[in-house]
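Below is structure26.txt, which holds compact mmCIF, C-alpha atoms.
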# COMPACT_ATOMS: atom_id res chain seq x y z
CA MET A 1 28.31 197.25 110.72
CA ARG A 2 30.20 194.12 111.71
CA SER A 3 32.15 193.97 114.92
CA PRO A 4 35.89 193.13 114.84
CA GLN A 5 35.03 189.68 116.19
CA GLU A 6 32.54 189.06 113.35
CA ALA A 7 35.06 190.24 110.77
CA GLN A 8 37.67 187.90 112.22
CA GLN A 9 35.20 185.00 112.17
CA ALA A 10 34.33 185.73 108.52
CA LYS A 11 38.00 185.73 107.56
CA ALA A 12 38.58 182.44 109.40
CA ILE A 13 35.59 180.74 107.74
CA GLU A 14 36.70 181.93 104.30
CA LYS A 15 40.16 180.48 104.94
CA ILE A 16 38.69 177.11 106.01
CA LEU A 17 36.34 176.90 103.02
CA GLY A 18 39.18 177.70 100.66
CA GLY A 19 41.69 175.39 102.34
CA GLU A 20 42.91 171.88 101.56
CA ASP A 21 41.63 170.30 104.78
CA GLU A 22 38.51 168.65 103.35
CA ASP A 23 37.35 167.26 106.70
CA LEU A 24 37.50 170.65 108.42
CA ALA A 25 35.73 172.27 105.47
CA ASP A 26 32.97 169.62 105.63
CA LEU A 27 32.45 170.18 109.36
CA THR A 28 32.28 173.93 108.80
CA LEU A 29 29.78 173.50 105.95
CA ARG A 30 27.51 171.39 108.13
CA GLU A 31 27.70 173.92 110.95
CA ILE A 32 26.76 176.78 108.61
CA GLN A 33 23.99 174.79 106.90
CA SER A 34 22.35 174.07 110.25
CA GLN A 35 22.20 177.77 111.28
CA LYS A 36 20.81 179.82 108.42
CA GLU A 37 19.73 182.78 110.57
CA ARG A 38 23.15 183.10 112.15
CA TYR A 39 25.24 182.73 109.00
CA GLY A 40 22.92 184.00 106.25
CA SER A 41 24.54 187.42 105.76
CA LEU A 42 28.05 185.97 105.97
CA VAL A 43 27.30 183.39 103.29
CA ARG A 44 25.91 186.06 100.97
CA GLU A 45 29.11 188.04 101.49
CA LEU A 46 31.29 185.01 100.74
CA GLU A 47 29.48 184.59 97.41
CA GLN A 48 31.78 187.38 96.22
CA SER A 49 34.98 185.73 97.41
CA PRO A 50 37.83 185.79 94.86
CA ASP A 51 38.54 182.12 95.70
CA PRO A 52 36.58 179.77 93.36
CA LYS A 53 36.69 176.96 95.94
CA VAL A 54 35.00 179.23 98.51
CA ARG A 55 32.35 180.27 95.99
CA ALA A 56 31.63 176.62 95.07
CA ARG A 57 31.16 175.67 98.71
CA VAL A 58 28.98 178.72 99.33
CA ARG A 59 26.75 177.64 96.41
CA SER A 60 26.41 174.28 98.12
CA ILE A 61 25.20 175.99 101.30
CA LEU A 62 22.72 178.17 99.41
CA ARG A 63 21.32 175.13 97.61
CA PHE A 64 20.90 173.36 100.91
CA TRP A 65 18.92 176.32 102.25
CA GLY A 66 16.68 176.32 99.19
CA LYS A 67 13.97 173.87 98.28
CA PRO A 68 15.16 170.44 97.11
CA MET A 69 14.70 169.88 93.41
CA ALA A 70 12.27 167.18 92.41
CA ILE A 71 14.18 164.05 91.41
CA ARG A 72 12.05 161.53 89.60
CA GLY A 73 12.17 158.03 91.05
CA PHE A 74 14.00 159.01 94.22
CA ALA A 75 12.50 158.77 97.70
CA PRO A 76 15.00 157.97 100.46
CA PRO A 77 14.13 155.11 102.82
CA GLU A 78 14.04 155.59 106.57
CA LEU A 79 17.76 154.75 106.89
CA ALA A 80 17.29 153.11 110.29
CA LEU A 81 18.99 149.85 109.25
CA TRP A 82 22.02 148.94 107.16
CA ALA A 83 19.62 147.22 104.75
CA ASP A 84 17.93 150.63 104.30
CA LEU A 85 21.29 152.15 103.44
CA GLU A 86 21.91 149.48 100.81
CA THR A 87 18.49 150.30 99.30
CA PHE A 88 19.50 153.97 99.31
CA CYS A 89 22.74 153.15 97.49
CA TRP A 90 20.87 151.29 94.75
CA GLN A 91 18.31 154.11 94.43
CA LEU A 92 21.14 156.61 94.03
CA ALA A 93 22.82 154.42 91.44
CA GLU A 94 19.63 153.99 89.39
CA VAL A 95 18.89 157.73 89.34
CA GLU A 96 22.42 158.83 88.47
CA ASN A 97 23.18 155.88 86.17
CA PRO A 98 19.87 154.60 84.73
CA GLU A 99 21.67 152.05 82.55
CA ILE A 100 22.94 150.00 85.52
CA SER A 101 21.43 146.73 86.67
CA ALA A 102 20.92 146.75 90.42
CA SER A 103 20.05 143.05 90.35
CA THR A 104 23.53 142.22 89.03
CA GLY A 105 25.19 144.09 91.89
CA LYS A 106 22.92 142.54 94.49
CA SER A 107 23.61 139.07 93.12
CA TYR A 108 27.33 139.72 93.36
CA LEU A 109 26.96 140.76 97.01
CA ASP A 110 24.93 137.59 97.66
CA GLU A 111 27.69 135.50 96.05
CA LEU A 112 30.35 137.19 98.15
CA GLY A 113 28.29 136.69 101.30
CA ARG A 114 28.05 132.96 100.61
CA ALA A 115 31.80 132.76 99.99
CA VAL A 116 32.60 134.52 103.27
CA GLU A 117 30.19 132.29 105.18
CA ALA A 118 31.82 129.19 103.68
CA ASN A 119 35.22 130.56 104.73
CA LEU A 120 34.26 130.92 108.39
CA PRO A 121 35.59 128.29 110.82
CA ARG A 122 33.11 125.71 112.08
CA ARG A 123 34.18 126.22 115.69
CA SER A 124 33.27 129.24 117.80
CA ILE A 125 33.85 132.35 115.70
CA SER A 126 35.78 135.30 117.15
CA PRO A 127 35.79 138.84 115.69
CA THR A 128 39.28 138.23 114.28
CA ASP A 129 38.07 135.01 112.61
CA SER A 130 35.23 136.97 111.01
CA ILE A 131 37.53 139.74 109.82
CA SER A 132 39.97 137.17 108.44
CA ALA A 133 37.19 135.51 106.42
CA LEU A 134 36.08 138.87 105.01
CA ARG A 135 39.64 139.86 104.18
CA GLN A 136 40.36 136.54 102.49
CA ILE A 137 37.42 136.88 100.10
CA LEU A 138 37.15 140.64 99.57
CA ALA A 139 40.75 141.84 99.68
CA ARG A 140 42.78 138.81 98.64
CA ARG A 141 40.48 136.91 96.28
CA GLU A 142 38.42 139.77 94.79
CA GLY A 143 41.00 142.54 95.08
CA PHE A 144 38.90 145.29 96.72
CA ARG A 145 41.28 148.11 97.64
CA GLY A 146 41.62 151.85 98.06
CA ASN A 147 41.85 153.97 94.93
CA LEU A 148 45.08 155.77 95.79
CA ASP A 149 45.68 156.91 92.21
CA ASP A 150 42.35 158.75 91.75
CA TYR A 151 40.98 159.20 95.26
CA PHE A 152 38.50 162.02 94.53
CA ARG A 153 36.89 160.37 91.50
CA PRO A 154 33.07 160.41 91.97
CA ALA A 155 32.87 156.73 90.99
CA ASN A 156 34.62 155.87 94.26
CA SER A 157 31.48 156.92 96.15
CA TYR A 158 28.94 154.81 94.24
CA LEU A 159 28.42 151.27 95.51
CA HIS A 160 27.64 149.80 92.07
CA LEU A 161 30.84 151.23 90.56
CA VAL A 162 32.97 150.11 93.50
CA LEU A 163 31.62 146.58 92.99
CA GLU A 164 32.53 146.84 89.31
CA THR A 165 36.04 148.28 89.65
CA ARG A 166 36.96 146.87 93.12
CA LEU A 167 38.27 150.39 93.86
CA GLY A 168 36.86 152.92 96.31
CA ILE A 169 37.37 155.25 99.23
CA PRO A 170 37.21 154.18 102.89
CA LEU A 171 33.45 154.63 103.28
CA THR A 172 32.25 152.75 100.20
CA LEU A 173 34.73 149.93 100.72
CA ALA A 174 33.43 149.72 104.29
CA LEU A 175 29.91 149.38 102.89
CA VAL A 176 31.01 146.41 100.78
CA TYR A 177 32.37 144.72 103.91
CA ILE A 178 29.22 145.58 105.88
CA PHE A 179 26.74 144.38 103.25
CA VAL A 180 28.72 141.22 102.48
CA GLY A 181 29.40 140.50 106.14
CA GLN A 182 25.78 140.82 107.12
CA ARG A 183 24.83 138.41 104.33
CA ALA A 184 27.25 135.96 105.95
CA GLY A 185 25.53 136.41 109.32
CA LEU A 186 28.22 138.70 110.79
CA GLU A 187 27.45 141.88 112.74
CA VAL A 188 29.68 144.28 110.84
CA TYR A 189 29.17 148.00 111.48
CA GLY A 190 30.66 151.33 110.45
CA LEU A 191 32.76 153.68 112.56
CA ASN A 192 32.34 157.40 111.94
CA THR A 193 36.01 158.14 112.49
CA PRO A 194 37.25 161.56 111.29
CA GLY A 195 38.68 161.70 107.80
CA HIS A 196 38.85 157.93 107.28
CA TYR A 197 35.76 155.78 107.79
CA LEU A 198 36.47 152.40 109.43
CA THR A 199 34.58 149.22 110.28
CA GLY A 200 34.31 146.96 113.29
CA ILE A 201 33.12 143.60 114.53
CA GLY A 202 32.65 142.96 118.24
CA GLY A 203 34.82 145.90 119.28
CA VAL A 204 37.69 144.98 116.93
CA VAL A 205 38.43 147.74 114.38
CA PHE A 206 39.67 147.11 110.83
CA ASP A 207 40.30 149.11 107.68
CA PRO A 208 38.80 147.94 104.35
CA PHE A 209 40.71 150.68 102.49
CA HIS A 210 43.96 148.94 103.40
CA GLY A 211 42.96 145.34 102.79
CA GLY A 212 40.97 144.80 105.98
CA VAL A 213 43.96 145.18 108.29
CA VAL A 214 43.08 145.08 112.02
CA LEU A 215 43.92 148.26 113.95
CA SER A 216 44.96 148.15 117.61
CA ALA A 217 44.33 150.95 120.09
CA ASP A 218 47.92 152.08 119.51
CA ASP A 219 47.38 152.10 115.74
CA LEU A 220 44.21 154.16 116.11
CA ALA A 221 45.83 156.63 118.50
CA ALA A 222 48.69 157.17 116.04
CA LYS A 223 46.35 157.42 113.04
CA PHE A 224 44.05 160.03 114.57
CA GLY A 225 46.52 161.83 116.83
CA THR A 226 44.73 160.99 120.08
CA GLU A 227 45.53 159.30 123.37
CA ARG A 228 45.52 155.51 123.38
CA ALA A 229 42.89 155.53 126.14
CA CYS A 230 40.39 157.06 123.70
CA TRP A 231 40.29 153.74 121.83
CA ALA A 232 39.82 151.41 124.77
CA ASN A 233 36.20 151.16 123.62
CA PRO A 234 35.94 152.20 119.94
CA MET A 235 32.18 151.57 119.98
CA PHE A 236 31.68 155.22 120.92
CA MET A 237 32.45 156.02 117.27
CA ARG A 238 29.87 153.56 115.94
CA ALA A 239 28.05 155.11 112.97
CA THR A 240 24.38 154.94 112.13
CA PRO A 241 23.18 154.16 108.59
CA ARG A 242 21.80 157.71 108.33
CA GLU A 243 25.10 159.30 109.34
CA THR A 244 26.86 157.09 106.84
CA ALA A 245 24.50 158.09 104.02
CA GLU A 246 25.05 161.77 104.81
CA ARG A 247 28.81 161.33 104.87
CA MET A 248 28.71 159.45 101.55
CA LEU A 249 26.81 162.33 99.95
CA VAL A 250 29.22 164.90 101.37
CA ASN A 251 32.06 162.93 99.76
CA LEU A 252 30.20 163.13 96.46
CA LEU A 253 29.70 166.88 96.89
CA ASN A 254 33.44 167.29 97.30
CA SER A 255 34.13 165.22 94.20
CA TYR A 256 31.64 167.13 92.06
CA SER A 257 32.87 170.46 93.40
CA ARG A 258 36.43 169.56 92.43
CA GLY A 259 35.30 168.46 88.98
CA GLY A 260 32.97 171.41 88.37
CA ASP A 261 29.92 169.20 87.75
CA GLU A 262 27.22 171.66 88.80
CA GLY A 263 24.27 169.48 87.76
CA ARG A 264 25.23 166.43 89.83
CA HIS A 265 26.40 168.68 92.65
CA ALA A 266 22.95 170.28 92.81
CA ARG A 267 21.18 166.91 92.81
CA THR A 268 23.45 165.62 95.56
CA VAL A 269 22.54 168.62 97.71
CA SER A 270 18.89 167.72 97.14
CA TYR A 271 19.52 164.15 98.29
CA LEU A 272 20.99 165.54 101.51
CA GLN A 273 18.01 167.84 101.95
CA MET A 274 15.59 164.94 101.53
CA ILE A 275 17.39 162.95 104.20
CA ASP A 276 17.34 165.98 106.50
CA GLU A 277 13.62 166.58 105.91
CA SER A 278 12.80 162.91 106.55
CA LEU A 279 13.85 163.41 110.17
CA GLY A 280 10.63 165.35 110.56
Re-express the file's structure as structure tokens.
Amino acid sequence: MRSPQEAQQAKAIEKILGGEDEDLADLTLREIQSQKERYGSLVRELEQSPDPKVRARVRSILRFWGKPMAIRGFAPPELALWADLETFCWQLAEVENPEISASTGKSYLDELGRAVEANLPRRSISPTDSISALRQILARREGFRGNLDDYFRPANSYLHLVLETRLGIPLTLALVYIFVGQRAGLEVYGLNTPGHYLTGIGGVVFDPFHGGVVLSADDLAAKFGTERACWANPMFMRATPRETAERMLVNLLNSYSRGGDEGRHARTVSYLQMIDESLG
């Protein structure tokens, strides 16, 4: 028999999984997924929840605890480098959309990289100079921007489709800036900021979702509801390629859960499992 504390915890978790706060639900999912022995009985109980959103998220957890399905042609790279993450993005695209041409997308990234490099000043280059060159080509010339009209569309989380439509969510637009910037010889990296993935160069933070605008410590404090001092050194939020891949897949899970696409949802869980297993 459950204690009052366990009953209260179960009620709280059900409320989070059924709520509209996607970031909190994602964090809770990851916590539960990582502790099967602790949460196993609770998850089985929540399978019977009257809330369809709770049941969908519970199915995601149960799939994660099961064996990954075999996905032909998919074997995730080590994900130690940003180049590995780009390879992962193209693998994902080719499995989910076999008709696409990865070479076309890669050539477009190469072209954009050359354009950004040509747009850099010949003198000593500062982080703001680098961001300005990226913004000029990607946001102003090419029109990459956030998809505010259809934010949860799965296409927003696939690199090849973002390159095609110039529309995406914060994370995939950040990847465009990272992959293009690195082709131009710039050290662009991701920031694993809560709810809205950002990018940085040399300690300067900017937001590809909003046209590459630079964010000050005051801007960041206001955006994330924290003290300004927390952003004196934003490098503490620097993301790894592996973390970014996992977050990208979680975004896809949310999109497929909302759309009721059980087949792609199940495969996406398997991609996450493969990444998890590759840690050894």
Å distance separating atom CA of A:Leu253 from atom CA of A:Val269, one decimal place: 7.4 Å
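The two atoms in question, atom CA of A:Phe144 and atom CA of A:Pro241, are spaced 21.6 Å apart.
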Spatial neighbours of A:Gly212, max dist 7 Å, only C-alpha atoms, sep filter under 6 positions, as a ChimeraX atom specification: /A:135,139,206
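Atom CA of A:Ile201 to atom CA of A:Asn119 spans 16.4 Å [interatomic distance, one decimal].
Among the candidates A:Ala229, A:Ala118, A:Met248, A:Ile32, the one nearest to A:Pro170 when counting only C-alpha atoms is A:Met248.
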Any chance you could work out the axis-aligned box around stretch 138-145 of chain A, listed atoms only, 5 Å on each side, giving centre and edge lengths in Å to one decimal, as AutoDock Vina command-line options?
--center_x 40.0 --center_y 142.5 --center_z 97.2 --size_x 15.6 --size_y 21.2 --size_z 14.9
Contacts of A:Pro77 at 8 Å (all atoms listed in the file; same-chain gap of 2+ positions) as a ChimeraX atom specification: /A:75,79,84-85,87-88
Close residues, A:Glu142 itself excluded, 10 Å, all atoms listed in the file, min 3 positions apart in chain, as a count of residues only: 9
(30.5, 154.9, 114.6) in this file's frame - what residues fall within 7 Å of it? Use only C-alpha atoms and give the answer as a PDB file with C-alpha atoms, keeping the file's coordinate frame.
ATOM      1  CA  GLY A 190      30.660 151.330 110.450  1.00  0.00           C
ATOM      2  CA  LEU A 191      32.760 153.680 112.560  1.00  0.00           C
ATOM      3  CA  ASN A 192      32.340 157.400 111.940  1.00  0.00           C
ATOM      4  CA  THR A 193      36.010 158.140 112.490  1.00  0.00           C
ATOM      5  CA  MET A 235      32.180 151.570 119.980  1.00  0.00           C
ATOM      6  CA  PHE A 236      31.680 155.220 120.920  1.00  0.00           C
ATOM      7  CA  MET A 237      32.450 156.020 117.270  1.00  0.00           C
ATOM      8  CA  ARG A 238      29.870 153.560 115.940  1.00  0.00           C
ATOM      9  CA  ALA A 239      28.050 155.110 112.970  1.00  0.00           C
ATOM     10  CA  THR A 240      24.380 154.940 112.130  1.00  0.00           C
TER      11      THR A 240
END
Contacts of A:Val205 within 8 Å, all atoms listed in the file, excl. fewer than 5 positions in-chain, as an mmCIF file with C-alpha atoms, in the frame of the given file:
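Saved file result.cif follows:
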data_model
loop_
_atom_site.group_PDB
_atom_site.id
_atom_site.type_symbol
_atom_site.label_atom_id
_atom_site.label_comp_id
_atom_site.auth_asym_id
_atom_site.auth_seq_id
_atom_site.Cartn_x
_atom_site.Cartn_y
_atom_site.Cartn_z
ATOM 1 C CA LEU A 198 36.470 152.400 109.430
ATOM 2 C CA THR A 199 34.580 149.220 110.280
ATOM 3 C CA GLY A 200 34.310 146.960 113.290
ATOM 4 C CA VAL A 214 43.080 145.080 112.020
ATOM 5 C CA LEU A 215 43.920 148.260 113.950
ATOM 6 C CA SER A 216 44.960 148.150 117.610
ATOM 7 C CA PRO A 234 35.940 152.200 119.940
#
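Distance annotation: of A:Tyr39, A:Phe152, A:Trp65, A:Tyr158, the residue with the minimal separation from A:Asn97 is A:Tyr158; atom set is all atoms listed in the file.
Nearest to A:Pro194 of all the residues A:Ala266, A:Leu171, A:Ala102, A:Ala133 is A:Leu171, based on all atoms listed in the file.
Selecting by distance to (40.2, 156.7, 92.6) with a limit of 12 Å and using all atoms listed in the file, one obtains Arg145, Gly146, Asn147, Leu148, Asp149, Asp150, Tyr151, Phe152, Arg153, Pro154, Ala155, Asn156, Ser157, Tyr158, Leu161, Val162, Thr165, Arg166, Leu167, Gly168, Ile169, Pro170, Thr172, Leu173, Phe209 and Ser255 of chain A.
Nearest residue to A:Lys36, choosing from A:Gly113, A:Gly263, A:Gly18, A:Gly66 and counting all atoms listed in the file: A:Gly66.
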